[in-house]
Each structure stands twice: as structure tokens, then as C-alpha cells.
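Peer 1: Have a look at the structure that comes next, please.
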Number of protein chains: 2
Amino acid sequence: MNPKARPSIQDVARLAGVSLGTVSNVLNNPDMVRAATAEKVLKAIDQLGFVRNDAARQLKAGKSLTLGMVVYDLANPFFTEVGRAAENAAAENGYAVLMGNTDHRREREKQYLQLFDQQRVAGVLVSPTADIYEQIDELRVHGTQVVLLDRKADAARCCSVSVDDFAGGRVAVEHLLAQGRRRIGFVGNLQMQQVADRLAGAMAAINDFGNQAQLLVFESSDMTVLAGREVGHRIVAAAQQDRPDSLFASNDLLAMGLVQAFMFNGAIQIPQEIALVGYDDIDFAASAVVPLSSIRQPSKLLGETAVELIMDEISNGQNHVHRQVTFQPELVVRDSSAHA
Amino acid sequence: MNPKARPSIQDVARLAGVSLGTVSNVLNNPDMVRAATAEKVLKAIDQLGFVRNDAARQLKAGKSLTLGMVVYDLANPFFTEVGRAAENAAAENGYAVLMGNTDHRREREKQYLQLFDQQRVAGVLVSPTADIYEQIDELRVHGTQVVLLDRKADAARCCSVSVDDFAGGRVAVEHLLAQGRRRIGFVGNLQMQQVADRLAGAMAAINDFGNQAQLLVFESSDMTVLAGREVGHRIVAAAQQDRPDSLFASNDLLAMGLVQAFMFNGAIQIPQEIALVGYDDIDFAASAVVPLSSIRQPSKLLGETAVELIMDEISNGQNHVHRQVTFQPELVVRDSSAHA
DNA sequence: GAGGAGTATTGAAGCGTTTCAATAATCTAA
DNA sequence: TTAGATTATTGAAACGCTTCAATACTCCTC
């Protein structure tokens with residue numbers, strides 16, 4: 001490697017025969033410097049292969065044009081959708097989005113949040129794994145703006161963008177009830193707030209219906225295709241009269257796993273023996289073995305709105321008022337829960 | 001906000017009644033400072049809510065514990081798999097991975113690479129959209145290590161981790177030929193090197209077979225489910241005798257789109273009328289309406305190896321030798337290409 | 001209790017920027 | 001021409017950290 005692999009603004013100034021301040025101006029206030037001078041400087045920059053050192057810039061300027069995004073499951077297409085939308089929205093404002101995936105691990109989530117805090121990003125979008133208000137407050141105290149994604153925040157604490165999970169759960173189960181199902185199973189990881197809310201909505205639907213219907217809960221620690229398959233096999237193994245007549249899976253990955261398990265050897269017919277409703281309406285839901293009914297979340301809108309909120313928070317600082325935006329989910333009916 | 005929202009190491013030192021160097025030592029060389037002193041300092045840190053300013057640290061230390069990863073399609077589960085593996089491998093080495101998604105846009109790719117360059121990340125993993133050697137060379141000259149992902153590099157220039165796309169294409173088509181298919185369609189965006197290589201492999205298989213078989217190319221600018229659906233509808237609309245008797249889609253998203261189009265109104269039977277092979281073997285392939293045959297790429301291995309290479313490059317600097325690791329893909333046969 | 005060998009702590013220097021008051025160069029109008 | 005106004009350029013002073021030589025403590029041992 002060259003003796004001086006990383007030229008500094010100083011080197012550029014020297015080569016161009018101008019002062020260091022001028023180089024900085026070329027970079028940051030181009031219209032403050034004469035065209036001829038600018039050209040000299042640009043040539044020098046090019047010649048040396050100069051790249052501004054962001055650390056130094058940020059140190060001095062105190063701000064960054066980067067947003068951080070922390071999600072707990074990037075393997076879930078729902079989140080990549082949200083991420084893409086956020087990325088596009090941020091780009092329009094001149095910001096870049098850097099993503100970190102935590103795979104539901106609190107410890108890694110903590111690391112990413114710390115990293116973004118240390119890097120002094122302009123703001124962080126986070127879909128929290130658990131109750132991490134404490135850490136979020138910490139960031140906010142430090143001056144790093146935070147917007148919760150897919151999770152409603154306490155009004156006073158910060159902005160959030162979420163979907164009404166209670167309503168989603170309710171709609172899903174009401175639909176199954178309307179299809180004549182009475183033994184309704186619920187699959188998901190109840191540790192997750194979103195899932196707990198969906199369950200609560202499901203419960204509410206059952207209660208409203210009267211006491212001819214019941215809800216069976218199948219807890220599943222992961223929310224993956226694999227986990228769904230495992231629950232599915234457990235159900236296949238159960239005696240026929242113990243099985244539910246329908247299932248509400250709290251995300252589509254689980255639902256697809258269930259489908260796989262039920263199709264295996266044609267063990268269980270969908271929807272005849274068990275009707276199925278998923279959640280998120282990911283792209284793949286429509287092309288599952290049995291096209292999947294699902295609760296659609298407006299993922300694009302979610303990402304865009306989150307960026308909007310954080311932008312407001314960044315630029316309006318003091319007189320920014322926290323908002324909690326909640327969208328309504330929407331039932332999409334396909335074969336997996338069609339009338340028997 | 002407080003008048004001093006962001007306490008510095010100075011403030012901590014003052015509060016703890018020690019010198020600034022000691023605080024730094026508590027942070028970086030804990031076993032160099034007496035327990036009692038350390039405790040005082042930690043208390044002060046806690047009390048002030050101090051967070052180390054990464055910009056300053058990096059500016060002085062000149063290095064960072066962050067890797068950048070730039071991919072062209074985070075919505076493709078294949079890449080999230082690779083990303084997760086990389087993230088885990090990096091974590092083991094004490095590094096964090098920040099991801100940027102370019103959605104195939106060269107311009108955005110450029111931005112992310114620049115951003116990472118400016119941030120002086122330790123290294124960058126990039127699955128390039130096109131021929132970006134020029135920019136990569138630039139980064140490398142600046143001292144930012146780069147490893148190509150899913151794309152073979154020129155030996156001399158940098159490390160790369162990829163899968164033998166030619167072999168993959170060949171295997172896919174040989175399989176279709178073995179199933180008795182003769183009019184084989186290829187779907188994909190030929191601008192992408194990986195896809196072009198798969199096509200070349202497919203061509204080779206056809207040529208080896210003799211002249212009773214032919215390859216029809218269906219170009220598709222996107223590689224998404226939606227794009228696949230469009231190609232599918234075009235094929236459905238064609239006269240029966242003009243249709244291929246089988247299709248090799250250059251990724252699973254396309255393949256799933258094709259499936260959707262063919263299933264629509266039961267227009268075309270898979271595999272009877274058209275057999276189908278996808279690429280990547282994403283999780284969802286197995287649970288498609290018609291379980292999808294596919295070419296499996298070792299995504300986990302890809303991510304892990306990429307991190308391994310970049311770690312070597314980071315730590316061994318001068319006497320690091322670029323390596324181009326190529327893995328072999330593997331055919332997974334499912335219903336979509338089973339014997340008619 | 002003095003000398004010496006650790007062991008802890010200090011604080012100044014400098015990383016590469018941006019910023020800003022001071023200075024220099026250029027232009028305008030009389 | 002030149003004073004005065006305008007526009008460009010300069011360079012020193014931070015920003016908050018790490019590093020490292022210098023200094024100040026401890027603790028032994030004789």
C-alpha cells in the first residue's frame with residue numbers, strides 16, 4: 001500500500017495550491033468558491049483519490065445523514081418490504097438507511113442500538129423484540145431520535161408506526177367463525193407484543209361470538225417456516241377429535257410451515273379439515289400450495305410513514321410532537337379458508 | 001434538551017475526579033486501571049449517560065469494527081440468508097454488519113459504497129449489480145477491503161465468494177432434458193452476470209445434447225414474483241404449439257410468479273404441460289402450489305466464507321492473497337419437474 | 001525507612017474535518 | 001482612480017477521542 005493511502009483535505013489543498021478551508025468549501029459550499037478555483041481543487045481531489053473522512057466530518061459537524069434501522073427478522077419478507085420503502089423515502093430526503101438484523105436476540109438488538117448511538121446517526125427506526133423502552137429512552141436522552149416500527153409507543157415517549165394488531169386478530173377469527181369454524185387454533189410466540197395483541201383480538205372475537213366457540217393456543221417460540229412445520233406435525237400427530245378445525249397463524253411464515261406439514265402425505269386437507277389464515281400477506285402467500293388467506297399489513301406505508309416521522313423529529317427538534325400512527329390491517333381471503 | 005445533551009469523556013473525567021486518559025483506559029484497557037478508580041469512572045459514565053462518540057474514536061484510532069454489506073435485492077430470501085450468515089460470522093469476530101439494499105440501482109449502489117468508504121468501515125461485502133470494478137478498485141486503493149459476493153472476481157483484483165452459475169444452469173437443463181423435455185425456455189434478466197452465466201450453462205447442456213433440443217429465451221428485466229407472473233401470462237397467451245414444454249427460471253421468485261400465472265384458471269398444468277425448475281432453493285420453494293424444483297446455493301456458507309475472507313484481508317493486510325472461492329450448486333427435484 | 005521495581009495516572013499532541021473571524025482580491029460607481 | 005462594497009480565500013480553533021512519554025504513586029525487600 002502507498003505510504004499515504006488516505007490523502008487528507010490538507011494534501012488536496014497543498015496539491016491544488018489553495019488553503020484547507022477552500023477545499024472544504026468546494027466540498028460543502030460550492031457556490032462560495034470561484035469556478036476556476038473549484039476546478040483546480042476538484043482535479044486535485046481526483047488525482048489523489050481523496051475521500052472525505054466521515055468520522056472527522058461528523059465529529060466536527062455533529063450530525064450525520066444516516067438512519068439506522070433495526071429489525072428482528074429480516075428473513076421475513078414483511079420487513080424487507082418495510083425496509084425498502086423506508087430506504088426509498090429516506091433517499092428522497094438525502095439520507096441513507098443502514099440495516100441491522102437481530103434475529104430476535106435482545107443482546108444483538110442492544111448492540112445495534114448502541115452502535116447507532118455511538119455513530120450518532122440522525123435517527124433510528126426500530127421494531128423492538130421486547131420491552132426496550134429503557135434503552136430507547138437512553139438513546140433519546142443522548143439525542144438520537146427513535147421511531148418505533150410495528151409497535152405502538154406510549155404517547156409521551158416517542159413516535160411509532162404500527163398496525164392495529166388487535167383488530168387484525170379479531171378480523172381473522174371473525175372470518176373463521178363466519179366460515180362455520182368453532183375450534184380455532186392460534187399459533188405464535190406470545191412473548192412478542194404484536195402476537196399477544198393479535199391473540200387478544202382473536203379472544204375478543206371468540207367472546208363476542210358466545211360460548212359455542214373456543215380458542216386453542218399453540219405456542220411456538222420461533223415465527224419461521226420451520227417452526228410452523230413443527231407445530232403442524234404436532235397437530236397431525238394428535239387424535240382427530242383433538243384437532244382444531246381452523247388455525248390462525250400469527251405470521252405467514254408459520255402458516256406456510258403449517259401448510260407443508262399438513263400436505264405431507266396428504267395428512268390434513270386445507271381448508272376442508274383445517275382452515276387457515278396467516279398474517280402479513282407476504283408475496284409468497286398467494287402462491288402457496290394452498291393459496292393463503294392472510295391479514296395484509298400496509299408495509300410500504302409503514303416504512304414511508306416511519307421515515308416521515310423521524311424526519312420531522314430530526315428537523316423540528318424542540319417543537320416536535322410525538323405521534324403514534326396506527327394503520328388498519330385488511331383481510332385477504334384465498335383458498336386456505338374458503339368455505340368448506 | 002439539556003444544555004449538554006452529549007457528555008464527553010472530559011465531562012466524565014471531571015465528574016469522576018480523574019484525568020481524561022484514565023477514562024479512556026477504563027473504556028479500552030480496563031485491566032490497566034485500579035478497580036476503585038474504574039468504579040468511580042463507571043459511576044460517572046452511568047450518571048451522565050455518556051456514550052462514546054464513535055466518530056472521534058475512529059478518527060483517532062483509524063479503524064472501525066463495522067463491515068458494510070451491499071446487495072441488489074434484499075427482498076430475495078437468498079440474500080437475507082447470506083446476510084444472516086455473514087452477520088453471525090462477523091459477530092464472532094467482534095464486528096457488526098450494516099446492510100444496504102440497492103434494488104438493482106447502480107446509482108444507489110454507488111452511494112452505499114461511497115458511504116461505507118467515507119465511514120472507513122473495515123471492509124465491504126458487495127454483490128454487484130453490474131461491472132463495478134472501477135469503483136471497487138477505488139475503494140481498495142483507499143484502503144477499504146472488498147469481497148465480492150455471489151460474483152467471481154478477477155484473480156488479481158480481490159477476493160470473491162460465488163457459486164458456479166454455469167454449472168447450475170447446466171444441471172438444471174440436463175435435468176429437464178432427462179425428463180424428456182426438448183423445448184426449454186429460459187427466463188431471466190440477461191444483464192445480470194449471474195443470469196448470463198446460468199444461460200451459458202443451459203446452452204452448453206443443449207449443445208451437448210445434440211440438435212433435437214432447443215432453448216427459447218424469455219427476457220425479463222426484473223427478477224421478482226411479479227415479473228415472473230408477467231412472463232407467465234405471456235406464455236399462457238401464446239398459441240399452444242409455440243409454448244415451451246419446460247422452463248428454467250433463473251431465480252425462484254420468477255419461478256413462483258410463473259406458477260401463479262399458470263395456475264390462474266388452470267391455464268397450464270405443471271409439470272405435465274410445462275415442467276419448471278427455479279434457482280436458489282429459497283424456503284418458500286418447497287411450499288409453492290406445486291413444490292418447486294430448484295438449484296440450491298449454499299447461502300449460509302457463502303456468507304460465512306465471505307466474512308472469513310474479509311477478516312483475513314483485514315488482519316493480514318500486506319501478505320494477504322486474494323482468493324476466489326467457488327461453490328457448487330445442487331439440484332433439488334420436486335413436483336414441478338417430476339416425470340410427466 | 002530507603003531504594004528500586006512495578007503499577008496507576010496524567011495530560012499534551014494529534015487524528016481530519018468544519019467553521020468563522022480576519023484578510024485579500026475583485027468589482028462598482030462616481 | 002479610488003473609496004467602498006462585495007466576494008473569495010485563508011488559517012487557527014475546535015470537535016471528542018486515543019496514545020504515549022512522563023510523572024506519581026504502591027509495594028517489596030533488605
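Identifiers in this document derive from the order of the C-alpha cells: chains are assigned A, B, ..., residues are numbered from 1 separately in each chain, and ligands are numbered from 1 in order of occurrence.
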With 6 Å as the limit and counting only C-alpha atoms, what residues in chain B lie close to chain A? Please list them as a list in words.
Peer 2: Ala5, Arg6, Arg52, Asn53, Asp54, Ala55, Ala56, Leu59, Ala75, Thr80, Leu98, Met99, Gly100, Gln118, Gln119, His142, Gln260, Ser287, Ala288 and Val289 of chain B
Peer 1: Output as a tab-separated table one row per residue of chain C within 10 Å of chain B: the closest atom pair and its distance in Å to one decimal place, counting only C-alpha atoms (C1' of nucleotides), sorted by chain and residue number ascending.
Peer 2:
residue	atom	partner	partner_atom	distance
C:DT7	C1'	B:Met32	CA	8.5
C:DA8	C1'	B:Val33	CA	6.3
C:DT9	C1'	B:Thr22	CA	6.7
C:DT10	C1'	B:Ser19	CA	6.2
C:DG11	C1'	B:Gly21	CA	7.6
C:DG14	C1'	B:Lys60	CA	8.1
C:DC15	C1'	B:Lys60	CA	4.5
C:DG16	C1'	B:Leu59	CA	7.3
C:DT17	C1'	B:Leu59	CA	9.6
Peer 1: Any chance you could tabulate, as a tab-separated table, the residues of chain D at most 8 Å from chain A with each one's nearest atom pair and distance in Å to one decimal, using only C-alpha atoms (C1' of nucleotides), in chain and rising number order?
Peer 2:
residue	atom	partner	partner_atom	distance
D:DA8	C1'	A:Val33	CA	6.3
D:DT9	C1'	A:Thr22	CA	6.6
D:DT10	C1'	A:Ser19	CA	6.2
D:DG11	C1'	A:Gly21	CA	7.5
D:DA14	C1'	A:Lys60	CA	8.0
D:DC15	C1'	A:Lys60	CA	4.5
D:DG16	C1'	A:Leu59	CA	7.3
Peer 1: Would you please extract all strand (DSSP E or B) residues from region 171-315 of chain B, as assigned by DSSP on the backbone, and give them as a PDB file with C-alpha atoms, in the first residue's frame?
Peer 2:
ATOM      1  CA  ARG B 183     -38.347 -27.079 -25.973  1.00  0.00           C
ATOM      2  CA  ILE B 184     -36.769 -25.483 -22.972  1.00  0.00           C
ATOM      3  CA  GLY B 185     -37.434 -21.899 -22.033  1.00  0.00           C
ATOM      4  CA  PHE B 186     -35.063 -19.724 -20.051  1.00  0.00           C
ATOM      5  CA  VAL B 187     -36.347 -16.804 -18.004  1.00  0.00           C
ATOM      6  CA  GLY B 188     -34.253 -14.030 -16.538  1.00  0.00           C
ATOM      7  CA  GLN B 214     -33.806 -26.029 -28.384  1.00  0.00           C
ATOM      8  CA  LEU B 215     -33.571 -23.176 -25.946  1.00  0.00           C
ATOM      9  CA  LEU B 216     -36.043 -20.291 -26.010  1.00  0.00           C
ATOM     10  CA  VAL B 217     -35.089 -17.187 -24.102  1.00  0.00           C
ATOM     11  CA  PHE B 218     -37.715 -15.124 -22.319  1.00  0.00           C
ATOM     12  CA  GLU B 219     -36.065 -11.977 -21.160  1.00  0.00           C
ATOM     13  CA  SER B 246     -40.404 -26.671 -19.804  1.00  0.00           C
ATOM     14  CA  LEU B 247     -38.910 -23.619 -18.190  1.00  0.00           C
ATOM     15  CA  PHE B 248     -35.749 -22.870 -16.314  1.00  0.00           C
ATOM     16  CA  ALA B 249     -36.271 -19.716 -14.284  1.00  0.00           C
ATOM     17  CA  ALA B 275     -42.051 -28.517 -16.270  1.00  0.00           C
ATOM     18  CA  LEU B 276     -40.352 -25.932 -14.133  1.00  0.00           C
ATOM     19  CA  VAL B 277     -37.005 -25.522 -12.411  1.00  0.00           C
ATOM     20  CA  GLY B 278     -36.104 -22.490 -10.336  1.00  0.00           C
ATOM     21  CA  TYR B 279     -32.891 -21.243  -8.789  1.00  0.00           C
ATOM     22  CA  ASP B 280     -31.726 -20.548  -5.220  1.00  0.00           C
ATOM     23  CA  ALA B 288     -45.309 -23.489  -3.550  1.00  0.00           C
ATOM     24  CA  SER B 293     -37.566 -27.974  -8.225  1.00  0.00           C
ATOM     25  CA  SER B 294     -34.656 -25.684  -7.784  1.00  0.00           C
ATOM     26  CA  ILE B 295     -30.916 -25.237  -7.860  1.00  0.00           C
ATOM     27  CA  ARG B 296     -29.745 -24.859  -4.300  1.00  0.00           C
TER      28      ARG B 296
END
Peer 1: Would you mind telling me which residue in A:Ala213, A:Ser336, A:Pro30, A:Arg234 lies nearest to Asp252 (chain A) when using only C-alpha atoms?
Peer 2: A:Ser336
Peer 1: Kindly give the distance, in Å, that separates CA of Gln272 (chain B) and CA of Gln240 (chain B), rounded to a single decimal.
Peer 2: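 Between CA of Gln272 (chain B) and CA of Gln240 (chain B) the gap works out to 13.3 Å.
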Peer 1: Would you mind listing what lies within 12 Å of DA5 (chain D) as a ChimeraX atom specification, with only C-alpha atoms (C1' of nucleotides) counted and same-chain residues fewer than 5 positions away left out?
Peer 2: /C:26-29
Peer 1: Give me, as a ChimeraX atom specification, all polymer residues having an atom no more than 9 Å from region 161-166 of chain B, counting only C-alpha atoms (C1' of nucleotides) and skipping those fewer than 3 positions away in the same chain.
Peer 2: /B:147-153,169-171,194-202,204,297-298,302-303,305-306,309,323-329
